[in-house]
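One file, data11.cif, carrying mmCIF, C-alpha atoms:
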data_input
loop_
_atom_site.label_atom_id
_atom_site.label_comp_id
_atom_site.auth_asym_id
_atom_site.auth_seq_id
_atom_site.Cartn_x
_atom_site.Cartn_y
_atom_site.Cartn_z
CA MET A 1 99.62 139.33 147.52
CA PHE A 2 102.91 137.49 147.14
CA ASN A 3 106.25 138.30 145.51
CA GLY A 4 108.91 135.78 146.48
CA ALA A 5 109.58 132.06 146.84
CA ILE A 6 107.59 129.33 148.60
CA LEU A 7 108.09 125.67 149.49
CA VAL A 8 105.57 123.18 150.90
CA THR A 9 106.66 119.65 151.84
CA LYS A 10 105.31 116.57 153.58
CA ASN A 11 107.87 114.36 155.31
CA ASP A 12 110.51 116.15 153.19
CA SER A 13 108.80 115.30 149.88
CA ILE A 14 108.04 118.40 147.84
CA ILE A 15 104.35 119.16 147.38
CA TYR A 16 104.79 122.65 145.98
CA LYS A 17 107.85 124.75 145.16
CA GLU A 18 107.62 127.97 143.19
CA SER A 19 108.88 131.53 142.86
CA PHE A 20 107.03 134.65 141.76
CA GLY A 21 107.79 138.21 140.78
CA TYR A 22 110.94 140.26 140.49
CA ALA A 23 114.21 140.28 142.39
CA HIS A 24 114.78 143.79 141.00
CA GLU A 25 111.83 145.86 139.82
CA LYS A 26 114.01 148.06 137.60
CA THR A 27 115.69 145.26 135.61
CA LYS A 28 112.74 142.82 135.86
CA GLU A 29 115.15 140.09 136.94
CA LYS A 30 112.96 137.24 138.18
CA ILE A 31 113.08 135.65 141.59
CA THR A 32 114.20 131.99 141.62
CA THR A 33 114.63 129.35 144.30
CA GLU A 34 118.33 130.38 144.35
CA SER A 35 117.61 134.08 144.99
CA VAL A 36 119.12 135.33 148.25
CA PHE A 37 116.81 137.00 150.80
CA TYR A 38 117.41 138.52 154.20
CA ILE A 39 115.63 136.18 156.64
CA ALA A 40 115.55 138.56 159.64
CA SER A 41 114.38 136.87 162.87
CA VAL A 42 114.26 133.39 161.35
CA SER A 43 118.00 133.72 162.10
CA LYS A 44 117.10 133.06 165.75
CA GLN A 45 116.63 129.37 164.85
CA PHE A 46 120.30 129.15 163.90
CA THR A 47 121.47 130.96 167.05
CA ALA A 48 119.38 128.62 169.20
CA MET A 49 120.77 125.67 167.23
CA GLY A 50 124.32 126.80 168.04
CA ILE A 51 123.49 126.81 171.75
CA MET A 52 121.85 123.37 171.52
CA MET A 53 124.85 121.93 169.68
CA LEU A 54 127.22 123.21 172.38
CA GLN A 55 124.88 121.83 175.06
CA GLU A 56 124.98 118.37 173.46
CA GLN A 57 128.77 118.59 173.35
CA GLY A 58 128.76 119.20 177.11
CA LYS A 59 130.25 122.67 176.76
CA LEU A 60 127.38 124.48 178.44
CA SER A 61 124.14 123.94 180.31
CA TYR A 62 120.87 125.78 179.65
CA ASP A 63 120.86 126.79 183.31
CA ASP A 64 124.34 128.35 183.19
CA LYS A 65 124.29 132.03 184.12
CA ILE A 66 125.76 134.82 181.99
CA LYS A 67 127.86 135.95 184.94
CA ASP A 68 129.53 132.51 185.08
CA ILE A 69 130.57 132.80 181.43
CA PHE A 70 131.54 136.48 181.35
CA LEU A 71 133.12 137.27 184.72
CA ASP A 72 133.55 140.98 183.95
CA TYR A 73 129.94 141.63 182.95
CA PRO A 74 127.73 143.85 185.15
CA THR A 75 126.25 142.42 188.34
CA TYR A 76 122.67 142.87 187.13
CA LEU A 77 123.21 139.98 184.70
CA LYS A 78 124.19 137.66 187.57
CA THR A 79 121.00 135.60 187.68
CA VAL A 80 120.13 135.55 183.95
CA THR A 81 120.40 132.04 182.49
CA ILE A 82 120.95 130.78 178.95
CA ARG A 83 117.51 129.17 179.04
CA GLN A 84 115.93 132.53 179.86
CA LEU A 85 117.74 134.15 176.93
CA LEU A 86 116.43 131.41 174.63
CA ASN A 87 112.88 131.73 175.97
CA HIS A 88 112.79 135.57 176.06
CA THR A 89 112.29 135.62 179.83
CA SER A 90 115.68 137.14 180.69
CA GLY A 91 114.28 140.61 181.38
CA LEU A 92 116.67 142.15 178.86
CA THR A 93 114.94 144.81 176.78
CA ASP A 94 115.91 146.36 173.46
CA THR A 95 117.19 149.88 173.92
CA GLU A 96 119.10 152.72 172.31
CA TYR A 97 121.28 150.75 169.87
CA TYR A 98 118.36 150.32 167.44
CA LYS A 99 118.51 154.07 166.80
CA LEU A 100 121.94 153.66 165.20
CA THR A 101 122.17 153.52 161.40
CA GLU A 102 124.06 150.25 161.19
CA PRO A 103 124.19 148.69 164.67
CA SER A 104 126.51 145.76 165.42
CA ASN A 105 126.82 143.19 168.19
CA LYS A 106 129.51 145.42 169.69
CA ASP A 107 127.02 148.31 169.90
CA VAL A 108 124.48 146.09 171.66
CA LEU A 109 127.09 144.87 174.14
CA GLU A 110 128.28 148.42 174.87
CA THR A 111 124.68 149.41 175.62
CA LEU A 112 124.17 146.46 177.95
CA MET A 113 127.47 147.12 179.74
CA LYS A 114 126.35 150.68 180.54
CA GLN A 115 123.07 149.54 182.09
CA ASP A 116 122.74 148.85 185.78
CA SER A 117 119.53 146.82 185.78
CA LEU A 118 117.27 144.60 183.69
CA GLY A 119 114.22 146.06 182.04
CA LEU A 120 112.06 143.42 183.78
CA GLU A 121 112.63 140.94 186.57
CA ASN A 122 114.09 137.86 184.91
CA GLY A 123 112.08 134.65 184.85
CA LYS A 124 108.80 136.40 185.66
CA HIS A 125 107.86 137.99 182.35
CA PHE A 126 107.90 137.11 178.65
CA ARG A 127 109.36 139.99 176.60
CA TYR A 128 110.64 139.35 173.08
CA SER A 129 114.25 140.49 173.20
CA ASN A 130 116.66 140.83 170.29
CA SER A 131 119.32 141.84 172.82
CA GLY A 132 118.92 138.43 174.45
CA TYR A 133 119.77 136.70 171.19
CA VAL A 134 122.80 138.95 170.71
CA MET A 135 123.90 137.74 174.14
CA LEU A 136 123.42 134.12 172.98
CA ALA A 137 125.62 134.85 169.95
CA LEU A 138 128.31 136.24 172.28
CA ILE A 139 128.08 133.09 174.40
CA ILE A 140 128.53 130.90 171.30
CA GLN A 141 131.59 132.96 170.33
CA LYS A 142 133.09 132.71 173.81
CA ILE A 143 132.61 128.96 174.21
CA SER A 144 133.44 127.92 170.63
CA ASP A 145 136.28 130.46 170.31
CA LYS A 146 134.95 131.43 166.88
CA PRO A 147 133.28 134.62 165.60
CA ILE A 148 129.55 133.96 165.34
CA ASP A 149 129.45 134.16 161.53
CA GLN A 150 132.38 131.75 161.32
CA PHE A 151 130.64 129.36 163.72
CA PHE A 152 127.53 129.41 161.54
CA ASN A 153 129.60 128.78 158.42
CA GLN A 154 131.73 125.95 159.80
CA GLU A 155 129.26 124.20 162.10
CA ILE A 156 125.94 124.62 160.27
CA PHE A 157 126.02 126.04 156.74
CA GLU A 158 128.96 124.04 155.36
CA PRO A 159 127.96 120.64 156.87
CA LEU A 160 124.46 121.12 155.42
CA GLU A 161 125.84 122.36 152.06
CA MET A 162 123.96 125.64 152.41
CA LYS A 163 126.29 127.27 149.91
CA ASN A 164 124.31 130.48 149.42
CA THR A 165 123.67 131.20 153.11
CA THR A 166 125.83 133.55 155.14
CA ALA A 167 125.98 136.09 157.96
CA THR A 168 129.45 137.33 156.98
CA ASN A 169 129.32 141.00 155.99
CA ALA A 170 132.06 140.75 153.37
CA ARG A 171 130.22 137.92 151.63
CA ILE A 172 126.83 139.65 151.89
CA GLU A 173 128.18 142.69 150.06
CA ASN A 174 129.29 140.51 147.12
CA ILE A 175 126.20 138.30 146.69
CA SER A 176 125.33 138.51 143.00
CA ASN A 177 121.83 137.01 143.27
CA LYS A 178 120.65 138.99 146.31
CA VAL A 179 117.16 140.39 145.81
CA ALA A 180 116.37 144.06 146.35
CA GLY A 181 113.85 144.82 149.09
CA TYR A 182 110.75 146.99 148.70
CA ASN A 183 108.41 148.51 151.26
CA LEU A 184 104.62 148.56 151.33
CA ILE A 185 104.32 151.27 148.67
CA GLY A 186 106.94 149.73 146.39
CA SER A 187 109.86 152.01 147.25
CA LYS A 188 113.25 150.33 147.34
CA VAL A 189 114.66 150.10 150.86
CA ASP A 190 118.30 149.26 151.56
CA TYR A 191 118.31 147.39 154.87
CA GLU A 192 121.62 147.50 156.73
CA SER A 193 122.38 145.76 160.01
CA SER A 194 125.45 144.02 161.38
CA VAL A 195 123.64 142.55 164.38
CA ILE A 196 124.01 138.75 164.27
CA GLY A 197 122.08 136.43 166.56
CA PRO A 198 118.56 137.87 166.45
CA GLY A 199 119.01 138.42 162.71
CA GLY A 200 121.88 138.86 160.28
CA ILE A 201 121.50 135.80 158.02
CA TYR A 202 120.84 135.80 154.27
CA SER A 203 119.63 132.62 152.59
CA THR A 204 117.72 131.02 149.70
CA LEU A 205 114.67 128.80 149.45
CA ASN A 206 116.82 125.85 148.38
CA ASP A 207 119.20 126.30 151.31
CA LEU A 208 116.36 126.63 153.82
CA GLU A 209 114.91 123.42 152.40
CA LYS A 210 118.22 121.75 153.40
CA TRP A 211 117.99 123.36 156.84
CA ASN A 212 114.45 122.11 157.35
CA LYS A 213 115.38 118.61 156.21
CA ALA A 214 118.33 118.61 158.64
CA LEU A 215 115.92 119.39 161.48
CA ASN A 216 113.66 116.52 160.45
CA THR A 217 116.50 114.00 160.16
CA ASN A 218 118.46 115.00 163.30
CA LYS A 219 121.58 115.88 161.32
CA LEU A 220 122.88 118.48 163.77
CA ILE A 221 121.30 117.52 167.09
CA SER A 222 119.26 114.65 168.49
CA GLN A 223 115.49 114.45 168.31
CA LYS A 224 115.37 114.68 172.11
CA THR A 225 117.22 118.01 172.09
CA LEU A 226 115.10 119.41 169.26
CA LYS A 227 111.91 118.46 171.10
CA GLU A 228 112.93 120.79 173.90
CA ALA A 229 113.31 123.61 171.37
CA PHE A 230 109.73 122.94 170.26
CA LYS A 231 108.30 123.22 173.80
CA ASN A 232 106.87 126.35 175.35
CA GLY A 233 109.00 127.78 178.10
CA LYS A 234 107.62 128.36 181.57
CA LEU A 235 107.78 131.38 183.82
CA ASN A 236 108.78 131.25 187.47
CA GLU A 237 106.22 130.16 190.05
CA ASN A 238 103.63 132.79 191.02
CA SER A 239 104.27 134.73 187.81
CA ILE A 240 101.54 135.91 185.47
CA SER A 241 101.77 134.19 182.09
CA ILE A 242 101.02 135.95 178.83
CA ASN A 243 98.11 133.62 178.07
CA MET A 244 97.31 132.30 181.54
CA ASN A 245 97.61 128.71 180.31
CA ASP A 246 99.60 126.81 182.93
CA GLN A 247 102.16 129.61 182.65
CA GLU A 248 103.02 128.66 179.07
CA TYR A 249 103.49 131.64 176.79
CA GLY A 250 104.41 130.31 173.36
CA TYR A 251 108.18 130.46 172.82
CA GLY A 252 110.72 127.66 172.81
CA PHE A 253 114.31 127.86 171.56
CA GLY A 254 114.03 129.97 168.41
CA TRP A 255 110.54 128.61 167.71
CA MET A 256 106.97 129.57 168.61
CA PRO A 257 104.97 126.43 169.48
CA TYR A 258 101.16 126.33 169.46
CA GLU A 259 98.20 124.02 168.89
CA LYS A 260 95.32 124.43 166.45
CA ASN A 261 92.52 122.01 165.60
CA GLY A 262 94.19 119.36 167.74
CA LYS A 263 97.46 119.59 165.79
CA LYS A 264 100.86 120.75 167.04
CA TYR A 265 102.75 123.45 165.18
CA VAL A 266 105.98 125.41 165.54
CA GLN A 267 106.95 128.42 163.48
CA HIS A 268 109.01 131.57 163.37
CA ASP A 269 108.82 134.51 161.04
CA GLY A 270 111.19 137.35 160.34
CA THR A 271 110.07 140.86 159.50
CA VAL A 272 111.71 144.09 158.47
CA GLU A 273 110.19 146.77 156.26
CA ASN A 274 111.32 145.19 153.00
CA TYR A 275 111.87 141.49 153.75
CA ARG A 276 109.72 138.87 155.38
CA SER A 277 110.34 135.18 155.98
CA LEU A 278 108.60 132.24 157.61
CA ILE A 279 109.33 128.63 158.45
CA LYS A 280 106.30 126.73 159.76
CA LYS A 281 106.06 123.07 160.74
CA ASN A 282 102.95 120.95 161.32
CA LEU A 283 104.52 118.43 163.70
CA THR A 284 101.40 116.26 163.79
CA ASP A 285 101.08 115.62 160.04
CA GLY A 286 104.65 116.23 158.86
CA TYR A 287 103.86 119.26 156.71
CA ASP A 288 106.41 122.08 156.52
CA TYR A 289 106.46 125.30 154.56
CA ILE A 290 108.73 128.22 153.92
CA PHE A 291 108.00 131.74 152.66
CA LEU A 292 110.52 134.32 151.48
CA THR A 293 109.53 137.73 150.13
CA ASN A 294 111.27 140.96 149.21
CA GLN A 295 108.06 142.98 149.54
CA GLY A 296 107.68 142.58 153.28
CA GLY A 297 104.78 144.96 153.85
CA ARG A 298 102.58 143.46 151.14
CA LEU A 299 102.79 139.84 152.27
CA ALA A 300 99.43 138.65 153.60
CA MET A 301 101.13 136.13 155.88
CA ASN A 302 98.19 135.11 158.06
CA GLU A 303 95.73 134.91 155.17
CA LEU A 304 98.01 132.75 153.03
CA THR A 305 99.20 130.43 155.80
CA THR A 306 95.65 129.87 157.04
CA SER A 307 94.56 128.94 153.53
CA ILE A 308 97.50 126.54 153.16
CA ASP A 309 96.62 124.95 156.51
CA ASN A 310 93.07 124.42 155.29
CA ILE A 311 94.25 122.79 152.06
CA LEU A 312 96.71 120.48 153.81
CA GLU A 313 94.22 119.51 156.50
CA ASN A 314 91.47 118.85 153.91
CA SER A 315 89.20 121.31 155.67
CA LYS A 316 87.06 123.94 153.97
CA TYR A 317 89.18 126.09 151.68
CA ILE A 318 88.52 129.81 152.04
CA LYS A 319 90.06 132.11 149.47
CA PRO A 320 92.48 134.42 151.30
CA GLU A 321 91.27 137.98 151.66
CA ILE A 322 93.31 140.64 149.89
CA PRO A 323 94.70 143.22 152.35
CA ILE A 324 92.96 146.46 151.42
CA ALA A 325 96.31 148.26 151.75
CA ASN A 326 97.60 146.19 148.83
CA LYS A 327 94.56 147.17 146.75
CA ILE A 328 95.09 150.84 147.60
CA VAL A 329 98.74 150.73 146.49
CA GLN A 330 97.78 148.93 143.28
CA GLU A 331 95.15 151.52 142.37
CA PHE A 332 97.43 154.46 143.25
CA GLU A 333 100.01 153.03 140.85
CA LYS A 334 97.48 153.05 137.98
CA ASN A 335 95.27 156.08 138.66
CA ASP A 336 95.28 159.59 140.07
CA THR A 337 94.48 159.82 143.79
CA ASN A 338 90.79 160.77 143.55
CA LYS A 339 89.98 158.13 140.94
CA ALA A 340 91.90 155.49 142.91
CA ILE A 341 89.96 156.25 146.12
CA THR A 342 86.65 156.00 144.22
CA ILE A 343 87.65 152.63 142.72
CA ILE A 344 88.67 151.34 146.15
CA LYS A 345 85.41 152.40 147.80
CA ASN A 346 83.41 150.79 144.98
CA ALA A 347 85.46 147.59 145.28
CA ILE A 348 84.80 147.39 149.02
CA SER A 349 81.07 148.07 148.73
CA GLY A 350 80.72 145.75 145.77
CA ASN A 351 82.54 142.77 147.28
CA PRO A 352 83.48 143.39 150.92
CA SER A 353 84.29 139.72 151.63
CA GLU A 354 87.15 139.83 149.13
CA TYR A 355 89.20 142.27 151.22
CA ASN A 356 90.72 142.38 154.68
CA ILE A 357 89.78 145.85 155.93
CA ASP A 358 92.42 146.03 158.63
CA GLU A 359 92.65 149.39 160.38
CA ASN A 360 96.26 148.98 161.49
CA ASN A 361 97.44 147.94 158.04
CA ILE A 362 95.75 150.95 156.41
CA ASN A 363 97.30 153.21 159.03
CA ARG A 364 100.72 151.71 158.39
CA LEU A 365 100.28 152.40 154.68
CA SER A 366 99.34 156.03 155.39
CA TYR A 367 102.46 156.58 157.48
CA THR A 368 104.61 154.93 154.81
CA TYR A 369 103.34 157.45 152.26
CA LEU A 370 103.88 160.23 154.83
CA ARG A 371 107.52 159.24 155.43
CA ASP A 372 108.01 159.02 151.67
CA GLY A 373 106.85 162.61 151.25
CA GLN A 374 103.67 161.67 149.36
CA MET A 375 101.49 163.91 151.50
CA ILE A 376 98.26 163.92 149.48
CA LYS A 377 98.15 160.13 149.18
CA SER A 378 98.92 159.83 152.89
CA ILE A 379 96.05 162.11 153.90
CA GLU A 380 93.59 160.44 151.52
CA VAL A 381 94.39 157.04 152.99
CA PHE A 382 94.09 158.41 156.54
CA LYS A 383 90.67 159.82 155.56
CA LEU A 384 89.60 156.52 154.06
CA ASN A 385 90.54 154.79 157.30
CA THR A 386 88.26 157.09 159.31
CA GLU A 387 85.40 156.35 156.91
CA LEU A 388 85.96 152.61 157.19
CA HIS A 389 86.43 152.81 160.99
CA PRO A 390 84.27 155.76 162.11
CA ASN A 391 84.42 154.77 165.79
CA SER A 392 88.19 154.56 165.99
CA ALA A 393 89.84 157.33 167.99
CA ASN A 394 93.22 156.20 166.67
CA ALA A 395 92.13 156.58 163.02
CA PHE A 396 91.09 160.22 163.62
CA ASP A 397 94.23 160.91 165.66
CA SER A 398 96.35 159.67 162.75
CA LEU A 399 94.39 161.75 160.21
CA ALA A 400 94.95 164.78 162.42
CA GLU A 401 98.68 164.02 162.43
CA GLY A 402 98.66 163.88 158.63
CA TYR A 403 96.93 167.25 158.38
CA PHE A 404 99.36 168.70 160.92
CA ALA A 405 102.34 167.49 158.89
CA ASN A 406 100.81 169.25 155.87
CA LYS A 407 100.28 172.43 157.94
CA GLN A 408 96.49 172.21 157.57
CA PHE A 409 96.08 173.18 161.20
CA GLY A 410 92.33 173.79 161.22
CA LEU A 411 91.57 170.31 159.87
CA SER A 412 94.18 168.85 162.19
CA LYS A 413 92.56 170.41 165.24
CA GLU A 414 89.10 169.32 164.09
CA ASN A 415 90.19 165.69 163.84
CA TYR A 416 92.08 165.72 167.13
CA ARG A 417 88.81 166.91 168.72
CA LYS A 418 86.93 164.09 167.04
CA SER A 419 89.50 161.63 168.38
CA LEU A 420 89.01 163.07 171.88
CA GLU A 421 85.25 162.65 171.60
CA LEU A 422 85.78 158.97 170.87
CA ASN A 423 88.49 158.57 173.51
CA PRO A 424 88.55 161.26 176.23
CA GLU A 425 91.77 159.70 177.58
CA ASN A 426 93.75 160.54 174.43
CA GLU A 427 96.51 162.67 175.96
CA ASN A 428 98.27 163.11 172.62
CA ALA A 429 95.18 164.81 171.15
CA LYS A 430 95.02 167.20 174.12
CA VAL A 431 98.69 168.13 173.75
CA MET A 432 98.39 168.62 169.98
CA ILE A 433 95.27 170.81 170.23
CA GLU A 434 97.12 173.06 172.65
CA ARG A 435 100.17 173.08 170.36
CA ILE A 436 98.06 174.02 167.34
CA GLY A 437 96.53 176.88 169.36
CA LYS A 438 100.00 178.28 170.05
CA ILE A 439 101.10 177.89 166.44
CA THR A 440 98.01 179.60 165.03
CA ASN A 441 97.48 182.22 167.76
CA GLY A 442 94.01 180.80 168.24
CA ASN A 443 93.22 181.18 164.54
CA ASN A 444 93.55 178.65 161.77
CA VAL A 445 96.40 180.68 160.30
CA TYR A 446 100.06 179.77 160.61
CA LYS A 447 101.87 182.22 162.91
CA LYS A 448 104.88 183.79 161.18
#

Taking this structure as input, can you express it in the form of structure tokens?
Amino acid sequence: MFNGAILVTKNDSIIYKESFGYAHEKTKEKITTESVFYIASVSKQFTAMGIMMLQEQGKLSYDDKIKDIFLDYPTYLKTVTIRQLLNHTSGLTDTEYYKLTEPSNKDVLETLMKQDSLGLENGKHFRYSNSGYVMLALIIQKISDKPIDQFFNQEIFEPLEMKNTTATNARIENISNKVAGYNLIGSKVDYESSVIGPGGIYSTLNDLEKWNKALNTNKLISQKTLKEAFKNGKLNENSISINMNDQEYGYGFGWMPYEKNGKKYVQHDGTVENYRSLIKKNLTDGYDYIFLTNQGGRLAMNELTTSIDNILENSKYIKPEIPIANKIVQEFEKNDTNKAITIIKNAISGNPSEYNIDENNINRLSYTYLRDGQMIKSIEVFKLNTELHPNSANAFDSLAEGYFANKQFGLSKENYRKSLELNPENENAKVMIERIGKITNGNNVYKK
């Protein structure tokens, strides 16, 4: 359930600090607290910190507009404020640049410069936007007169002695203790991105411990400024909030605030196919913890963090459920497909409370096998999902897609029909049934 490094502290005193598993499966090099991981969207904390530092220095205001900083930018950005970028209420949406192999901040900017309108009306909707955090990085560069990676190095990483943390591409390429990343089925995935602001930072458990301690001791900004980062933003008057709770929607400045059991928390995680990270803070009791993993798809984040919360709060400890997708992968690694499926079904029927039978996670596993060219495994997992969720139109639609990819058109059509029975509004199933008819000439035979 976990391959990586973890830290749990109370008021900056270490309660638990440990690392597990391999940095490289091939060489069996072990992960340590000095191993370097890609932290993905946890990078947003550092971008937000840069803005807050400049705000404290009087160099910008949260209510400054993009158009006031970049005079040559398109008119549609005229009313977007820095605060809205921080809170994900700017209306900027993520578009075509993510289709590029190795996108950069320049690619994002070029895309935004070609647009003539926002995706949503700014200030009225919450929409998580990586583009917005690229824009914040560009603002930091403009006002500080430093490239964003250089700003991070000189203003944050070096003062905090985070010696193994960087967003500089040349340094990333030469990191000797960088861990390899693996997807849900254990295939090595080389993640490449030059976008800095929403992501882009590589770090270690030890360095993130220094970062977390700096937040707790007001090393970079005042407690008053940090408190604002830990507050939910608000939408404009007469807007519909995402949770209808006094128009608060759960995002501050690089942090997601919430309350549970009368306690206040903030957290942010970062997720790509092969890496996952988390920094979570219990503001009420002073507990903080950090996760880093190089097997992003296998991390049972919610199960593990809930169990840690229960331990720290002295409430009833419940053993975290094992994601059934993890069990499937494990059995496929040891057994042939048919035997593995039998073992999995027996495990579920014998001890169902031990596993998290999550439909979406099983589906994700099936598609991972499909993309990897492991067609038989993919179809067997799709089939298992329909057995575990017999009333799910989506499960049958996905199984039909698997059969279609394997050119088993009769079985594909049969399962698209089953999906339509469960959900008559499934337009994709209607389109695919018609497509299969054309391919097979009305028969279950592939038309030459």

Here's the selection I'm unsure about, the PyMOL selection byres ((chain A and resi 123) around 9); applied to the file above, which residues does it give, as a ChimeraX atom specification?
/A:80,84,88-91,120-122,124-126,234-236,239

Please produce an output containing C-alpha atoms for each residue in the selection, written as a PDB file, in the frame of the given file.
ATOM      1  CA  VAL A  80     120.130 135.550 183.950  1.00  0.00           C
ATOM      2  CA  GLN A  84     115.930 132.530 179.860  1.00  0.00           C
ATOM      3  CA  HIS A  88     112.790 135.570 176.060  1.00  0.00           C
ATOM      4  CA  THR A  89     112.290 135.620 179.830  1.00  0.00           C
ATOM      5  CA  SER A  90     115.680 137.140 180.690  1.00  0.00           C
ATOM      6  CA  GLY A  91     114.280 140.610 181.380  1.00  0.00           C
ATOM      7  CA  LEU A 120     112.060 143.420 183.780  1.00  0.00           C
ATOM      8  CA  GLU A 121     112.630 140.940 186.570  1.00  0.00           C
ATOM      9  CA  ASN A 122     114.090 137.860 184.910  1.00  0.00           C
ATOM     10  CA  LYS A 124     108.800 136.400 185.660  1.00  0.00           C
ATOM     11  CA  HIS A 125     107.860 137.990 182.350  1.00  0.00           C
ATOM     12  CA  PHE A 126     107.900 137.110 178.650  1.00  0.00           C
ATOM     13  CA  LYS A 234     107.620 128.360 181.570  1.00  0.00           C
ATOM     14  CA  LEU A 235     107.780 131.380 183.820  1.00  0.00           C
ATOM     15  CA  ASN A 236     108.780 131.250 187.470  1.00  0.00           C
ATOM     16  CA  SER A 239     104.270 134.730 187.810  1.00  0.00           C
TER      17      SER A 239
END

Residues at most 7 Å from segment 290-304 of chain A, counting only C-alpha atoms, excluding those fewer than 3 positions away in the same chain, as a PyMOL selection string?
chain A and resi 1-8+37+179-184+271-280+307-308+320-321+323+326

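When the PyMOL selection byres ((chain A and resi 407) around 12) is evaluated on the file shown here, the picked residues come out as Met375, Ile379, Ala400, Glu401, Gly402, Tyr403, Phe404, Ala405, Asn406, Gln408, Phe409, Gly410, Leu411, Ser412, Lys413, Ile436, Ile439, Thr440, Asn444, Val445, Tyr446 and Lys447 of chain A.
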
Atoms to include: C-alpha atoms. Write the selected residues as a short mmCIF file (atom, residue, chain, number, x, y, z; two decimals), in the frame of the given file.
data_model
loop_
_atom_site.label_atom_id
_atom_site.label_comp_id
_atom_site.auth_asym_id
_atom_site.auth_seq_id
_atom_site.Cartn_x
_atom_site.Cartn_y
_atom_site.Cartn_z
CA MET A 375 101.49 163.91 151.50
CA ILE A 379 96.05 162.11 153.90
CA ALA A 400 94.95 164.78 162.42
CA GLU A 401 98.68 164.02 162.43
CA GLY A 402 98.66 163.88 158.63
CA TYR A 403 96.93 167.25 158.38
CA PHE A 404 99.36 168.70 160.92
CA ALA A 405 102.34 167.49 158.89
CA ASN A 406 100.81 169.25 155.87
CA GLN A 408 96.49 172.21 157.57
CA PHE A 409 96.08 173.18 161.20
CA GLY A 410 92.33 173.79 161.22
CA LEU A 411 91.57 170.31 159.87
CA SER A 412 94.18 168.85 162.19
CA LYS A 413 92.56 170.41 165.24
CA ILE A 436 98.06 174.02 167.34
CA ILE A 439 101.10 177.89 166.44
CA THR A 440 98.01 179.60 165.03
CA ASN A 444 93.55 178.65 161.77
CA VAL A 445 96.40 180.68 160.30
CA TYR A 446 100.06 179.77 160.61
CA LYS A 447 101.87 182.22 162.91
#

How many Å separate atom CA of Asn282 of chain A from atom CA of Leu215 of chain A?
13.1 Å

Using Å and a single decimal, report how far atom CA of Leu422 of chain A sits from atom CA of Lys377 of chain A.
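Atom-to-atom, atom CA of Lys377 of chain A to atom CA of Leu422 of chain A, that is 25.0 Å.
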
Could you check the closest approach to Met162 of chain A for each of A:Lys188, A:Lys78, A:Lys213, A:Lys146 and tell me which residue wins, using only C-alpha atoms?
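For Met162 of chain A, the nearest of the candidates is A:Lys213.
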
Applying the PyMOL selection byres ((chain A and resi 110) around 12) to the file I just gave you, which residues come out? Please list them as a list in words.
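Against this file, the PyMOL selection byres ((chain A and resi 110) around 12) returns the residues Tyr73, Pro74, Thr95, Glu96, Tyr97, Pro103, Ser104, Asn105, Lys106, Asp107, Val108, Leu109, Thr111, Leu112, Met113, Lys114, Gln115, Ser131, Val134 and Met135 of chain A.
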